[in-house]
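Heads up, the thing below is written out as structure tokens.
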Amino acid sequence: MLNRVVQHIRSNVVGYLALFVALGGTSYAALNLPANSVGSKQIKNHSITPIKLDPSKTGAVVRFWAILNSSPGNREQIVASRPRARIVAWDPSSDTGAISWHQPISSKCFVSASGGSGFVRALVQPLPNANASVQFSPFTPGGQPATGLVYIAVLCPQP
């Protein structure tokens, strides 16, 4: 039995050595490097290749996004957005609203939305002035209207 263990270690010594060197380097970096110490100065030229940034290799990109907050009895507010968004409609009885970036949204785009307290139903609605809005309704897991944070992203395919 001992002979088999020794034979296994001898035949895999390079693999074990590489494993310990890799784990040691990772452990050193995790314990000794300060947070956010690796930035654009440390990234070498050509380490991020064009294939990694090639739009044809990406299915869709976030064109618009917003984070909204609503609480019972208070008016909803946009916490953050890009580009600047505005709330164009709000129904406090059902916690349903609509947000617009005052720019056209292609019919090929789709909405992804989530909420901190459950799920969010969201869809793109065209507006009369050629712009579009995103109607959203947050719900609890039990299906009741919900309040709290709502995260909305409009994703559009690459041209």
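Residues in the structure tokens are named by chain (A, B, ... in the order shown) and by number from 1 within that chain; ligands are numbered from 1 in the order shown.
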- as a PyMOL selection string, please: all residues of chain A that backbone DSSP puts in alpha helix (DSSP H). chain A and resi 2-11+13-32+50-53
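Neighbours of Trp101 of chain A closer than or equal to 7 Å, with only C-alpha atoms counted and sequence neighbours fewer than 5 positions away skipped, come out as A:Pro83, A:Arg84, A:Ala85, A:Arg86.
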Go ahead and dump the residues you just picked, C-alpha atoms, as a short mmCIF file (atom, residue, chain, number, x, y, z; two decimals), in the first residue's frame.
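What landed in again.cif:
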```
data_model
loop_
_atom_site.label_atom_id
_atom_site.label_comp_id
_atom_site.auth_asym_id
_atom_site.auth_seq_id
_atom_site.Cartn_x
_atom_site.Cartn_y
_atom_site.Cartn_z
CA PRO A 83 -29.47 58.29 -19.01
CA ARG A 84 -31.65 60.53 -16.86
CA ALA A 85 -35.10 59.05 -16.39
CA ARG A 86 -38.41 60.52 -15.25
#
```
- Identify, on the basis of only C-alpha atoms, every residue whose closest approach to Val79 of chain A does not exceed 10 Å; exclude the query and any residue fewer than 6 positions from it along the same chain; express the result as a list in words.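 Near Val79 of chain A, the qualifying residues are Ala66, Ile67, Leu68, Asn69, Ser70, Leu149, Val150 and Tyr151 of chain A.
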- Message: Here is a test: counting only C-alpha atoms, which residue of A:Ala30, A:Ala35, A:Val88, A:Ala122 is nearest to Ala153 of chain A?
- Response: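 Nearest candidate to Ala153 of chain A out of A:Ala30, A:Ala35, A:Val88, A:Ala122: A:Ala122.
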- Task: Within 8 Å of Gly59 of chain A, counting only C-alpha atoms, which residues show up once you throw out same-chain ones fewer than 2 positions away? Write them as a ChimeraX atom specification, please.
- Result: /A:56-57,61,157-158
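Nearest-residue note for Pro92 of chain A: choosing from A:Pro145, A:Gly115, A:Pro104, A:Pro126, the minimum distance belongs to A:Pro145, counting only C-alpha atoms.
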- Message: Which residues are close to Cys109 of chain A, i.e. within 6 Å by only C-alpha atoms, leaving aside same-chain residues fewer than 3 positions away? Reply as a list of chain:residue names.
- Response: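 Skipping anything fewer than 3 positions along the chain leaves A:Ser106, A:Leu155, A:Cys156.
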- Query: Near Asp91 of chain A, within 12 Å and counting only C-alpha atoms, which residues show up once chain neighbours fewer than 4 positions away are dropped, as a PyMOL selection string?
  - Reply: chain A and resi 70+72-76+87+95-98+135-138+145
- Do a neighbour search on Ile152 of chain A at 6 Å with only C-alpha atoms, toss out local chain neighbours closer than 2 positions, and write the hits as number ranges by chain. A: 65-66, 112-113
